[in-house]
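> Contents are PDB, C-alpha atoms; file name entry00.pdb:
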ATOM      1  CA  MET A   1     -19.511  -5.817  20.661
ATOM      2  CA  THR A   2     -17.816  -5.241  23.970
ATOM      3  CA  PRO A   3     -14.558  -3.360  24.578
ATOM      4  CA  SER A   4     -12.805  -6.655  25.326
ATOM      5  CA  GLN A   5     -14.056  -8.163  22.057
ATOM      6  CA  CYS A   6     -12.668  -5.157  20.224
ATOM      7  CA  ARG A   7      -9.237  -5.576  21.862
ATOM      8  CA  ALA A   8      -9.266  -9.322  21.166
ATOM      9  CA  ALA A   9     -10.232  -8.820  17.516
ATOM     10  CA  ARG A  10      -7.409  -6.331  17.029
ATOM     11  CA  ALA A  11      -4.971  -8.746  18.662
ATOM     12  CA  LEU A  12      -6.051 -11.591  16.380
ATOM     13  CA  LEU A  13      -5.522  -9.337  13.379
ATOM     14  CA  ASP A  14      -2.307  -7.769  14.740
ATOM     15  CA  MET A  15      -4.001  -4.411  14.155
ATOM     16  CA  SER A  16      -3.097  -1.231  15.999
ATOM     17  CA  GLN A  17      -5.624   1.225  17.390
ATOM     18  CA  PRO A  18      -4.613   3.853  14.812
ATOM     19  CA  ASP A  19      -5.118   1.319  12.011
ATOM     20  CA  LEU A  20      -8.576   0.460  13.297
ATOM     21  CA  ALA A  21      -9.499   4.119  13.664
ATOM     22  CA  SER A  22      -8.436   4.770  10.078
ATOM     23  CA  GLN A  23     -10.293   1.755   8.665
ATOM     24  CA  ALA A  24     -13.433   2.573  10.644
ATOM     25  CA  GLY A  25     -13.340   6.259   9.722
ATOM     26  CA  LEU A  26     -13.286   7.306  13.377
ATOM     27  CA  GLY A  27     -10.933   9.295  15.557
ATOM     28  CA  LEU A  28      -8.220   7.484  17.475
ATOM     29  CA  SER A  29      -9.613   8.844  20.744
ATOM     30  CA  THR A  30     -12.928   7.103  20.002
ATOM     31  CA  ILE A  31     -11.204   3.713  19.713
ATOM     32  CA  VAL A  32      -9.016   4.285  22.774
ATOM     33  CA  ASP A  33     -11.919   5.522  24.906
ATOM     34  CA  PHE A  34     -14.185   2.661  23.812
ATOM     35  CA  GLU A  35     -11.595  -0.032  24.540
ATOM     36  CA  ARG A  36     -10.891   1.480  27.966
ATOM     37  CA  SER A  37     -14.607   1.925  28.730
ATOM     38  CA  ARG A  38     -14.047   5.646  29.277
ATOM     39  CA  ARG A  39     -17.132   6.767  27.411
ATOM     40  CA  ALA A  40     -20.075   5.415  25.507
ATOM     41  CA  VAL A  41     -19.696   5.249  21.735
ATOM     42  CA  SER A  42     -22.736   5.692  19.523
ATOM     43  CA  SER A  43     -24.301   2.623  17.946
ATOM     44  CA  ASP A  44     -23.237   4.028  14.563
ATOM     45  CA  GLY A  45     -19.639   4.268  15.773
ATOM     46  CA  ILE A  46     -19.691   0.719  17.124
ATOM     47  CA  GLN A  47     -21.122  -0.544  13.842
ATOM     48  CA  LYS A  48     -18.261   1.139  11.973
ATOM     49  CA  ILE A  49     -15.754  -0.573  14.264
ATOM     50  CA  VAL A  50     -17.464  -3.955  13.836
ATOM     51  CA  SER A  51     -17.570  -3.555  10.049
ATOM     52  CA  ALA A  52     -13.881  -2.628   9.869
ATOM     53  CA  LEU A  53     -12.891  -5.632  11.980
ATOM     54  CA  GLU A  54     -15.145  -8.057  10.109
ATOM     55  CA  THR A  55     -13.842  -6.807   6.765
ATOM     56  CA  SER A  56     -10.331  -7.462   8.060
ATOM     57  CA  GLY A  57     -11.140 -11.104   8.829
ATOM     58  CA  VAL A  58     -12.766 -11.700  12.201
ATOM     59  CA  GLU A  59     -16.246 -12.727  13.211
ATOM     60  CA  PHE A  60     -17.969 -11.971  16.463
ATOM     61  CA  ILE A  61     -19.565 -14.727  18.490
ATOM     62  CA  ALA A  62     -22.751 -13.846  20.337
ATOM     63  CA  GLU A  63     -23.129 -14.715  23.985
ATOM     64  CA  ASN A  64     -24.649 -18.174  23.800
ATOM     65  CA  GLY A  65     -24.126 -19.626  27.228
ATOM     66  CA  GLY A  66     -20.363 -19.735  26.813
ATOM     67  CA  GLY A  67     -19.874 -15.971  26.724
ATOM     68  CA  ALA A  68     -19.350 -13.526  23.908
ATOM     69  CA  GLY A  69     -16.187 -13.914  21.836
ATOM     70  CA  VAL A  70     -14.349 -13.307  18.612
ATOM     71  CA  ARG A  71     -12.457 -15.568  16.213
ATOM     72  CA  LEU A  72     -10.687 -15.471  12.888
ATOM     73  CA  ARG A  73     -13.000 -16.199   9.990
ATOM     74  CA  ASN A  74     -12.212 -19.222   7.850
ATOM     75  CA  PRO A  75     -10.775 -18.154   4.507
TER      76      PRO A  75
END
Could I get this structure in the form of structure tokens?

Amino acid sequence: MTPSQCRAARALLDMSQPDLASQAGLGLSTIVDFERSRRAVSSDGIQKIVSALETSGVEFIAENGGGAGVRLRNP
């Protein structure tokens, strides 16, 4: 997951950074810094972010020639 995918997923879910931090069990500064590419986040931290966003209803699209993306999961 890239920082832009994280921002896009939150936008699709209408989720704030504090909400994501809480759901992922991470500090708000971790989310803010990751989305702004200020610092590297551990693979464990990224997995927690991905899991929180996927649980909330998005799925990540791998780069497959058209670029990486994110979309709402079908109910």
> Taking into account only C-alpha atoms, which residue in the set A:Ile31, A:Val50, A:Val58, A:Ala40 is nearest to Met1 in chain A?
A:Val50
> Go through the shown structure with the PyMOL selection byres ((chain A and resi 12) around 9) and write out the matching residues as a VMD selection string.
chain A and resid 7 to 11 13 to 15 58 70 to 72
> Atoms to include: C-alpha atoms. Write the selected residues as a PDB file, keeping the file's coordinate frame.

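What ended up in part.pdb:
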ATOM      1  CA  ARG A   7      -9.237  -5.576  21.862  1.00  0.00           C
ATOM      2  CA  ALA A   8      -9.266  -9.322  21.166  1.00  0.00           C
ATOM      3  CA  ALA A   9     -10.232  -8.820  17.516  1.00  0.00           C
ATOM      4  CA  ARG A  10      -7.409  -6.331  17.029  1.00  0.00           C
ATOM      5  CA  ALA A  11      -4.971  -8.746  18.662  1.00  0.00           C
ATOM      6  CA  LEU A  13      -5.522  -9.337  13.379  1.00  0.00           C
ATOM      7  CA  ASP A  14      -2.307  -7.769  14.740  1.00  0.00           C
ATOM      8  CA  MET A  15      -4.001  -4.411  14.155  1.00  0.00           C
ATOM      9  CA  VAL A  58     -12.766 -11.700  12.201  1.00  0.00           C
ATOM     10  CA  VAL A  70     -14.349 -13.307  18.612  1.00  0.00           C
ATOM     11  CA  ARG A  71     -12.457 -15.568  16.213  1.00  0.00           C
ATOM     12  CA  LEU A  72     -10.687 -15.471  12.888  1.00  0.00           C
TER      13      LEU A  72
END
> For a cut-off of 9 Å around (-13.6, 7.9, 20.5), file coordinates, pick out all residues using only C-alpha atoms and list them as a ChimeraX atom specification.
/A:21,26-34,39-41,45
> Could you give me, as a ChimeraX atom specification, the residues that sit within 8 Å of (-15.3, -1.4, 26.6) in the file's coordinates, counting all atoms listed in the file?
/A:2-4,6,33-38
> If I take CA of Phe60 in chain A and CA of Gln17 in chain A, how far is one from the other in Å, to one decimal?
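CA of Phe60 in chain A sits 18.1 Å away from CA of Gln17 in chain A.
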> What separation in Å, quoted to one decimal, exists between CA of Gly57 in chain A and CA of Arg73 in chain A?
5.5 Å
> Considering all atoms listed in the file, can you say which of A:Gly69, A:Ile49, A:Glu59, A:Gln5 comes closest to Ser22 in chain A?
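Using all atoms listed in the file, the shortest distance to Ser22 in chain A belongs to A:Ile49.
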> Could you put an axis-aligned box around every listed atom of range 12-18 of chain A, padded by 3 Å on each side, and send me its centre and edge lengths in Å to one decimal, as AutoDock Vina command-line options?

--center_x -4.2 --center_y -3.9 --center_z 15.4 --size_x 9.7 --size_y 21.4 --size_z 10.0
> Assuming the input is short of atoms at range 41-52 of chain A, produce all heavy atoms for that part as a PDB file, in the coordinates of the input.

ATOM      1  N   VAL A  41     -19.840   4.948  23.155  1.00  0.00           N
ATOM      2  CA  VAL A  41     -19.696   5.249  21.735  1.00  0.00           C
ATOM      3  C   VAL A  41     -21.056   4.989  21.103  1.00  0.00           C
ATOM      4  O   VAL A  41     -21.750   4.038  21.467  1.00  0.00           O
ATOM      5  CB  VAL A  41     -18.594   4.367  21.102  1.00  0.00           C
ATOM      6  CG1 VAL A  41     -18.519   4.550  19.605  1.00  0.00           C
ATOM      7  CG2 VAL A  41     -17.249   4.678  21.742  1.00  0.00           C
ATOM      8  N   SER A  42     -21.433   5.832  20.173  1.00  0.00           N
ATOM      9  CA  SER A  42     -22.736   5.692  19.523  1.00  0.00           C
ATOM     10  C   SER A  42     -22.860   4.336  18.838  1.00  0.00           C
ATOM     11  O   SER A  42     -21.856   3.708  18.480  1.00  0.00           O
ATOM     12  CB  SER A  42     -22.936   6.803  18.485  1.00  0.00           C
ATOM     13  OG  SER A  42     -22.065   6.596  17.387  1.00  0.00           O
ATOM     14  N   SER A  43     -24.087   3.897  18.633  1.00  0.00           N
ATOM     15  CA  SER A  43     -24.301   2.623  17.946  1.00  0.00           C
ATOM     16  C   SER A  43     -23.754   2.685  16.526  1.00  0.00           C
ATOM     17  O   SER A  43     -23.247   1.692  16.004  1.00  0.00           O
ATOM     18  CB  SER A  43     -25.780   2.241  17.948  1.00  0.00           C
ATOM     19  OG  SER A  43     -26.555   3.233  17.331  1.00  0.00           O
ATOM     20  N   ASP A  44     -23.804   3.862  15.899  1.00  0.00           N
ATOM     21  CA  ASP A  44     -23.237   4.028  14.563  1.00  0.00           C
ATOM     22  C   ASP A  44     -21.718   3.846  14.611  1.00  0.00           C
ATOM     23  O   ASP A  44     -21.136   3.180  13.747  1.00  0.00           O
ATOM     24  CB  ASP A  44     -23.587   5.414  14.014  1.00  0.00           C
ATOM     25  CG  ASP A  44     -23.063   5.637  12.609  1.00  0.00           C
ATOM     26  OD1 ASP A  44     -23.352   4.803  11.722  1.00  0.00           O
ATOM     27  OD2 ASP A  44     -22.344   6.639  12.398  1.00  0.00           O
ATOM     28  N   GLY A  45     -21.080   4.415  15.624  1.00  0.00           N
ATOM     29  CA  GLY A  45     -19.639   4.268  15.773  1.00  0.00           C
ATOM     30  C   GLY A  45     -19.237   2.825  16.015  1.00  0.00           C
ATOM     31  O   GLY A  45     -18.270   2.323  15.427  1.00  0.00           O
ATOM     32  N   ILE A  46     -19.983   2.133  16.858  1.00  0.00           N
ATOM     33  CA  ILE A  46     -19.691   0.719  17.124  1.00  0.00           C
ATOM     34  C   ILE A  46     -19.874  -0.106  15.863  1.00  0.00           C
ATOM     35  O   ILE A  46     -19.066  -0.987  15.568  1.00  0.00           O
ATOM     36  CB  ILE A  46     -20.550   0.190  18.289  1.00  0.00           C
ATOM     37  CG1 ILE A  46     -20.087   0.845  19.592  1.00  0.00           C
ATOM     38  CG2 ILE A  46     -20.467  -1.333  18.392  1.00  0.00           C
ATOM     39  CD1 ILE A  46     -20.905   0.512  20.805  1.00  0.00           C
ATOM     40  N   GLN A  47     -20.909   0.194  15.093  1.00  0.00           N
ATOM     41  CA  GLN A  47     -21.122  -0.544  13.842  1.00  0.00           C
ATOM     42  C   GLN A  47     -19.969  -0.328  12.868  1.00  0.00           C
ATOM     43  O   GLN A  47     -19.561  -1.256  12.168  1.00  0.00           O
ATOM     44  CB  GLN A  47     -22.447  -0.153  13.192  1.00  0.00           C
ATOM     45  CG  GLN A  47     -22.782  -0.981  11.965  1.00  0.00           C
ATOM     46  CD  GLN A  47     -22.750  -2.478  12.241  1.00  0.00           C
ATOM     47  OE1 GLN A  47     -23.325  -2.967  13.204  1.00  0.00           O
ATOM     48  NE2 GLN A  47     -22.042  -3.225  11.403  1.00  0.00           N
ATOM     49  N   LYS A  48     -19.421   0.875  12.835  1.00  0.00           N
ATOM     50  CA  LYS A  48     -18.261   1.139  11.973  1.00  0.00           C
ATOM     51  C   LYS A  48     -17.050   0.335  12.427  1.00  0.00           C
ATOM     52  O   LYS A  48     -16.303  -0.194  11.601  1.00  0.00           O
ATOM     53  CB  LYS A  48     -17.927   2.635  11.976  1.00  0.00           C
ATOM     54  CG  LYS A  48     -18.923   3.466  11.206  1.00  0.00           C
ATOM     55  CD  LYS A  48     -18.553   4.935  11.260  1.00  0.00           C
ATOM     56  CE  LYS A  48     -19.571   5.769  10.497  1.00  0.00           C
ATOM     57  NZ  LYS A  48     -19.218   7.200  10.510  1.00  0.00           N
ATOM     58  N   ILE A  49     -16.861   0.218  13.731  1.00  0.00           N
ATOM     59  CA  ILE A  49     -15.754  -0.573  14.264  1.00  0.00           C
ATOM     60  C   ILE A  49     -15.950  -2.044  13.912  1.00  0.00           C
ATOM     61  O   ILE A  49     -15.036  -2.715  13.428  1.00  0.00           O
ATOM     62  CB  ILE A  49     -15.621  -0.389  15.792  1.00  0.00           C
ATOM     63  CG1 ILE A  49     -15.264   1.056  16.139  1.00  0.00           C
ATOM     64  CG2 ILE A  49     -14.593  -1.358  16.371  1.00  0.00           C
ATOM     65  CD1 ILE A  49     -15.375   1.392  17.619  1.00  0.00           C
ATOM     66  N   VAL A  50     -17.153  -2.557  14.143  1.00  0.00           N
ATOM     67  CA  VAL A  50     -17.464  -3.955  13.836  1.00  0.00           C
ATOM     68  C   VAL A  50     -17.227  -4.231  12.356  1.00  0.00           C
ATOM     69  O   VAL A  50     -16.583  -5.228  11.991  1.00  0.00           O
ATOM     70  CB  VAL A  50     -18.914  -4.306  14.242  1.00  0.00           C
ATOM     71  CG1 VAL A  50     -19.331  -5.648  13.676  1.00  0.00           C
ATOM     72  CG2 VAL A  50     -19.069  -4.292  15.748  1.00  0.00           C
ATOM     73  N   SER A  51     -17.724  -3.361  11.497  1.00  0.00           N
ATOM     74  CA  SER A  51     -17.570  -3.555  10.049  1.00  0.00           C
ATOM     75  C   SER A  51     -16.102  -3.579   9.644  1.00  0.00           C
ATOM     76  O   SER A  51     -15.693  -4.424   8.842  1.00  0.00           O
ATOM     77  CB  SER A  51     -18.299  -2.453   9.282  1.00  0.00           C
ATOM     78  OG  SER A  51     -19.681  -2.562   9.461  1.00  0.00           O
ATOM     79  N   ALA A  52     -15.308  -2.671  10.199  1.00  0.00           N
ATOM     80  CA  ALA A  52     -13.881  -2.628   9.869  1.00  0.00           C
ATOM     81  C   ALA A  52     -13.180  -3.913  10.306  1.00  0.00           C
ATOM     82  O   ALA A  52     -12.359  -4.466   9.566  1.00  0.00           O
ATOM     83  CB  ALA A  52     -13.228  -1.415  10.522  1.00  0.00           C
TER      84      ALA A  52
END
